[in-house]
Amino acid sequence: MVIDQGFHEVSASDITRILDEAARQGVPAFTLSTAGRTDQEAFFAAVRQTLPLDPPLGADRTVWDALADSLWGGLHALNSPRAVIVWPDAQPVAGAQGEYWIALDILRDMVTTLAEAPYTGGRPTQVSVYIAPAPRGGEEAPTKG
């Protein structure tokens, strides 16, 4: 299996293979789990528990821009040329669809900007984000981007 830089939608059955391949290649891998919730509170809690953050994001901080900056800084501070993030239980939930799309936008933007040398002081990080959405009745899964 090839781990490609970028943002990818995959089936839940692919997640284990992706994590195994990242381990085989020595690529830092992080599993983001929101226990099927994608509201702002669940996403922030999952990011705080799983992903490197720099500067640290206080427990009372739930500002999307602060999260984006902290996550970007944390992944850049890994000093690794590559990183993998999987989100195996990504799905919009009733009342939180807008927050879900914001979370996806943050992940997409991070993938793009961390890959660009001018933004990273000449030290880009190729980030691969894999989400495995579980569409629910009447809701559409996000498209690949």
# chains A, B, ... in the order shown; residues from 1 in each chain; ligands from 1
call {"tool": "closest_atom_pairs", "arguments": {"of": "range 1-103 of chain A", "to": "range 122-128 of chain A", "cutoff": "8 Å", "atoms": "only C-alpha atoms", "output": "Markdown table"}}
result
| residue | atom | partner | partner_atom | distance |
| --- | --- | --- | --- | --- |
| A:Ile3 | CA | A:Ser128 | CA | 7.0 |
| A:Asp4 | CA | A:Ser128 | CA | 6.1 |
| A:Gln5 | CA | A:Ser128 | CA | 4.4 |
| A:Gly6 | CA | A:Ser128 | CA | 4.9 |
| A:Phe7 | CA | A:Ser128 | CA | 6.1 |
| A:His8 | CA | A:Ser128 | CA | 7.7 |
| A:Leu75 | CA | A:Thr125 | CA | 7.8 |
| A:His76 | CA | A:Thr125 | CA | 6.7 |
| A:Ser80 | CA | A:Thr125 | CA | 6.6 |
| A:Pro81 | CA | A:Thr125 | CA | 4.6 |
| A:Arg82 | CA | A:Gln126 | CA | 4.6 |
| A:Ala83 | CA | A:Val127 | CA | 4.9 |
| A:Val84 | CA | A:Ser128 | CA | 4.7 |
| A:Ile85 | CA | A:Ser128 | CA | 6.2 |
call {"tool": "select_by_dssp", "arguments": {"residues": "range 3-140 of chain A", "states": "strand (DSSP E or B)", "output": "number ranges by chain"}}
result
A: 6-9, 29-31, 82-87, 126-131
call {"tool": "write_last_selection", "arguments": {"atoms": "N, CA and C atoms", "output": "compact mmCIF listing (two decimals), in the first residue's frame"}}
result
# COMPACT_ATOMS: atom_id res chain seq x y z
N GLY A 6 -1.75 14.05 1.27
CA GLY A 6 -3.02 14.65 0.91
C GLY A 6 -4.14 14.20 1.82
N PHE A 7 -5.33 14.55 1.42
CA PHE A 7 -6.54 14.26 2.18
C PHE A 7 -7.32 13.20 1.41
N HIS A 8 -7.63 12.07 2.09
CA HIS A 8 -8.24 10.95 1.40
C HIS A 8 -9.43 10.39 2.18
N GLU A 9 -10.45 10.02 1.47
CA GLU A 9 -11.57 9.29 2.06
C GLU A 9 -11.36 7.82 1.72
N ALA A 29 2.28 8.07 13.06
CA ALA A 29 0.86 7.94 12.72
C ALA A 29 0.01 8.21 13.95
N PHE A 30 -1.09 8.88 13.73
CA PHE A 30 -1.98 9.28 14.81
C PHE A 30 -3.41 8.89 14.45
N THR A 31 -4.10 8.26 15.39
CA THR A 31 -5.50 7.88 15.18
C THR A 31 -6.38 8.82 15.97
N ARG A 82 7.37 13.24 7.15
CA ARG A 82 6.05 12.70 6.85
C ARG A 82 5.28 12.43 8.13
N ALA A 83 3.96 12.44 8.02
CA ALA A 83 3.09 12.07 9.14
C ALA A 83 1.76 11.59 8.57
N VAL A 84 1.11 10.71 9.32
CA VAL A 84 -0.18 10.16 8.91
C VAL A 84 -1.18 10.41 10.03
N ILE A 85 -2.37 10.87 9.64
CA ILE A 85 -3.49 11.01 10.57
C ILE A 85 -4.64 10.20 10.00
N VAL A 86 -5.20 9.32 10.82
CA VAL A 86 -6.41 8.61 10.40
C VAL A 86 -7.54 9.00 11.34
N TRP A 87 -8.72 9.11 10.77
CA TRP A 87 -9.92 9.42 11.55
C TRP A 87 -10.96 8.38 11.14
N GLN A 126 5.11 16.17 4.67
CA GLN A 126 4.09 15.57 3.82
C GLN A 126 3.10 14.85 4.73
N VAL A 127 1.93 15.45 4.93
CA VAL A 127 0.93 14.88 5.82
C VAL A 127 -0.11 14.14 4.98
N SER A 128 -0.45 12.95 5.42
CA SER A 128 -1.48 12.14 4.80
C SER A 128 -2.62 12.00 5.79
N VAL A 129 -3.80 12.48 5.42
CA VAL A 129 -4.98 12.36 6.28
C VAL A 129 -5.95 11.40 5.60
N TYR A 130 -6.35 10.39 6.35
CA TYR A 130 -7.31 9.41 5.86
C TYR A 130 -8.52 9.41 6.78
N ILE A 131 -9.68 9.70 6.20
CA ILE A 131 -10.90 9.63 7.00
C ILE A 131 -11.75 8.48 6.47
call {"tool": "residues_around", "arguments": {"residues": "range 69-71 of chain A", "least_positions_apart": "2", "cutoff": "12 Å", "atoms": "only C-alpha atoms", "output": "number ranges by chain"}}
result
A: 44, 46-58, 61-67, 73-78, 85, 103, 106-107, 109-111, 113-114, 127
call {"tool": "select_by_dssp", "arguments": {"residues": "chain A", "states": "alpha helix (DSSP H)", "output": "VMD selection string"}}
result
chain A and resid 15 to 25 40 to 50 64 to 77 97 to 114
call {"tool": "write_last_selection", "arguments": {"atoms": "N, CA and C atoms", "output": "short mmCIF file (atom, residue, chain, number, x, y, z; two decimals), in the first residue's frame"}}
result
data_model
loop_
_atom_site.label_atom_id
_atom_site.label_comp_id
_atom_site.auth_asym_id
_atom_site.auth_seq_id
_atom_site.Cartn_x
_atom_site.Cartn_y
_atom_site.Cartn_z
N ILE A 15 -8.21 1.32 7.09
CA ILE A 15 -7.48 2.02 8.16
C ILE A 15 -6.35 1.17 8.74
N THR A 16 -6.61 -0.09 9.04
CA THR A 16 -5.57 -0.95 9.60
C THR A 16 -4.39 -1.08 8.66
N ARG A 17 -4.66 -1.26 7.37
CA ARG A 17 -3.57 -1.37 6.39
C ARG A 17 -2.75 -0.08 6.32
N ILE A 18 -3.41 1.05 6.40
CA ILE A 18 -2.70 2.33 6.36
C ILE A 18 -1.79 2.47 7.57
N LEU A 19 -2.32 2.16 8.75
CA LEU A 19 -1.51 2.26 9.98
C LEU A 19 -0.35 1.26 9.96
N ASP A 20 -0.59 0.06 9.45
CA ASP A 20 0.48 -0.94 9.34
C ASP A 20 1.58 -0.46 8.40
N GLU A 21 1.18 0.13 7.28
CA GLU A 21 2.16 0.62 6.31
C GLU A 21 2.95 1.80 6.89
N ALA A 22 2.28 2.69 7.59
CA ALA A 22 2.98 3.81 8.23
C ALA A 22 4.02 3.27 9.22
N ALA A 23 3.65 2.29 10.02
CA ALA A 23 4.59 1.70 10.98
C ALA A 23 5.76 1.04 10.25
N ARG A 24 5.46 0.33 9.18
CA ARG A 24 6.52 -0.34 8.41
C ARG A 24 7.52 0.68 7.85
N GLN A 25 7.02 1.85 7.45
CA GLN A 25 7.87 2.89 6.88
C GLN A 25 8.47 3.82 7.94
N GLN A 40 -17.93 20.19 17.79
CA GLN A 40 -16.70 20.92 18.12
C GLN A 40 -16.05 20.37 19.39
N GLU A 41 -16.82 20.12 20.42
CA GLU A 41 -16.28 19.62 21.68
C GLU A 41 -15.58 18.28 21.50
N ALA A 42 -16.20 17.36 20.77
CA ALA A 42 -15.61 16.04 20.55
C ALA A 42 -14.34 16.13 19.72
N PHE A 43 -14.35 16.97 18.68
CA PHE A 43 -13.18 17.10 17.82
C PHE A 43 -12.01 17.70 18.60
N PHE A 44 -12.25 18.75 19.36
CA PHE A 44 -11.19 19.37 20.14
C PHE A 44 -10.62 18.37 21.15
N ALA A 45 -11.49 17.62 21.83
CA ALA A 45 -11.02 16.64 22.81
C ALA A 45 -10.16 15.57 22.15
N ALA A 46 -10.57 15.09 20.99
CA ALA A 46 -9.81 14.06 20.29
C ALA A 46 -8.45 14.59 19.84
N VAL A 47 -8.43 15.81 19.33
CA VAL A 47 -7.16 16.41 18.89
C VAL A 47 -6.22 16.58 20.09
N ARG A 48 -6.74 17.09 21.20
CA ARG A 48 -5.90 17.27 22.39
C ARG A 48 -5.31 15.95 22.88
N GLN A 49 -6.09 14.87 22.80
CA GLN A 49 -5.64 13.56 23.30
C GLN A 49 -4.68 12.86 22.36
N THR A 50 -4.73 13.17 21.07
CA THR A 50 -4.04 12.35 20.08
C THR A 50 -2.90 13.03 19.35
N TRP A 64 -11.48 27.64 16.73
CA TRP A 64 -11.01 26.90 15.56
C TRP A 64 -9.64 27.39 15.07
N ASP A 65 -9.43 28.70 14.99
CA ASP A 65 -8.15 29.22 14.50
C ASP A 65 -7.01 28.82 15.42
N ALA A 66 -7.25 28.84 16.73
CA ALA A 66 -6.21 28.43 17.67
C ALA A 66 -5.89 26.95 17.49
N LEU A 67 -6.90 26.14 17.28
CA LEU A 67 -6.68 24.71 17.05
C LEU A 67 -5.86 24.49 15.79
N ALA A 68 -6.22 25.18 14.72
CA ALA A 68 -5.51 25.04 13.45
C ALA A 68 -4.04 25.41 13.61
N ASP A 69 -3.77 26.53 14.26
CA ASP A 69 -2.38 26.97 14.47
C ASP A 69 -1.61 25.99 15.35
N SER A 70 -2.23 25.52 16.41
CA SER A 70 -1.58 24.60 17.34
C SER A 70 -1.28 23.26 16.67
N LEU A 71 -2.22 22.75 15.91
CA LEU A 71 -2.02 21.48 15.21
C LEU A 71 -0.92 21.62 14.16
N TRP A 72 -0.96 22.69 13.40
CA TRP A 72 0.07 22.93 12.39
C TRP A 72 1.46 22.97 13.06
N GLY A 73 1.55 23.74 14.14
CA GLY A 73 2.83 23.86 14.85
C GLY A 73 3.29 22.53 15.43
N GLY A 74 2.35 21.76 15.96
CA GLY A 74 2.71 20.47 16.54
C GLY A 74 3.23 19.49 15.52
N LEU A 75 2.60 19.42 14.37
CA LEU A 75 3.07 18.51 13.32
C LEU A 75 4.39 18.98 12.74
N HIS A 76 4.56 20.29 12.61
CA HIS A 76 5.83 20.81 12.11
C HIS A 76 6.96 20.54 13.11
N ALA A 77 6.65 20.61 14.39
CA ALA A 77 7.66 20.38 15.43
C ALA A 77 8.09 18.92 15.54
N GLN A 97 -23.22 19.41 11.76
CA GLN A 97 -22.66 19.26 10.43
C GLN A 97 -21.69 20.39 10.08
N GLY A 98 -22.02 21.62 10.44
CA GLY A 98 -21.13 22.74 10.14
C GLY A 98 -19.78 22.59 10.82
N GLU A 99 -19.78 22.11 12.05
CA GLU A 99 -18.53 21.89 12.78
C GLU A 99 -17.71 20.78 12.13
N TYR A 100 -18.37 19.77 11.62
CA TYR A 100 -17.68 18.68 10.91
C TYR A 100 -16.94 19.21 9.70
N TRP A 101 -17.61 20.05 8.92
CA TRP A 101 -16.98 20.59 7.71
C TRP A 101 -15.83 21.53 8.07
N ILE A 102 -15.95 22.26 9.16
CA ILE A 102 -14.84 23.11 9.61
C ILE A 102 -13.63 22.23 9.97
N ALA A 103 -13.87 21.15 10.70
CA ALA A 103 -12.79 20.23 11.07
C ALA A 103 -12.10 19.69 9.82
N LEU A 104 -12.88 19.29 8.83
CA LEU A 104 -12.28 18.78 7.59
C LEU A 104 -11.49 19.86 6.86
N ASP A 105 -12.01 21.08 6.84
CA ASP A 105 -11.29 22.19 6.21
C ASP A 105 -9.95 22.45 6.89
N ILE A 106 -9.93 22.37 8.21
CA ILE A 106 -8.67 22.57 8.95
C ILE A 106 -7.67 21.49 8.57
N LEU A 107 -8.11 20.25 8.50
CA LEU A 107 -7.21 19.15 8.13
C LEU A 107 -6.70 19.32 6.70
N ARG A 108 -7.58 19.70 5.78
CA ARG A 108 -7.16 19.91 4.38
C ARG A 108 -6.14 21.04 4.27
N ASP A 109 -6.41 22.16 4.96
CA ASP A 109 -5.51 23.30 4.91
C ASP A 109 -4.14 22.94 5.49
N MET A 110 -4.14 22.20 6.58
CA MET A 110 -2.88 21.78 7.21
C MET A 110 -2.06 20.93 6.25
N VAL A 111 -2.71 20.00 5.55
CA VAL A 111 -2.02 19.14 4.58
C VAL A 111 -1.34 20.01 3.53
N THR A 112 -2.06 21.00 3.03
CA THR A 112 -1.53 21.86 1.96
C THR A 112 -0.39 22.74 2.44
N THR A 113 -0.58 23.45 3.53
CA THR A 113 0.43 24.42 3.96
C THR A 113 1.67 23.78 4.55
N LEU A 114 1.53 22.64 5.22
CA LEU A 114 2.72 21.97 5.75
C LEU A 114 3.60 21.38 4.65
#
call {"tool": "atom_distance", "arguments": {"atom1": "CA of Gly121 in chain A", "atom2": "CA of Leu32 in chain A"}}
result
27.2 Å
call {"tool": "closest_residue", "arguments": {"among": "A:Asp39, A:Val2, A:Pro28, A:Ser33", "to": "Pro88 in chain A", "atoms": "only C-alpha atoms"}}
result
A:Ser33
call {"tool": "atom_distance", "arguments": {"atom1": "CA of Ala132 in chain A", "atom2": "CA of Thr38 in chain A"}}
result
12.8 Å
call {"tool": "atom_distance", "arguments": {"atom1": "CA of Ala96 in chain A", "atom2": "CA of Pro133 in chain A"}}
result
14.6 Å
call {"tool": "closest_residue", "arguments": {"among": "A:Gly26, A:Ser11, A:Arg37, A:Met1", "to": "Gln91 in chain A", "atoms": "only C-alpha atoms"}}
result
A:Arg37
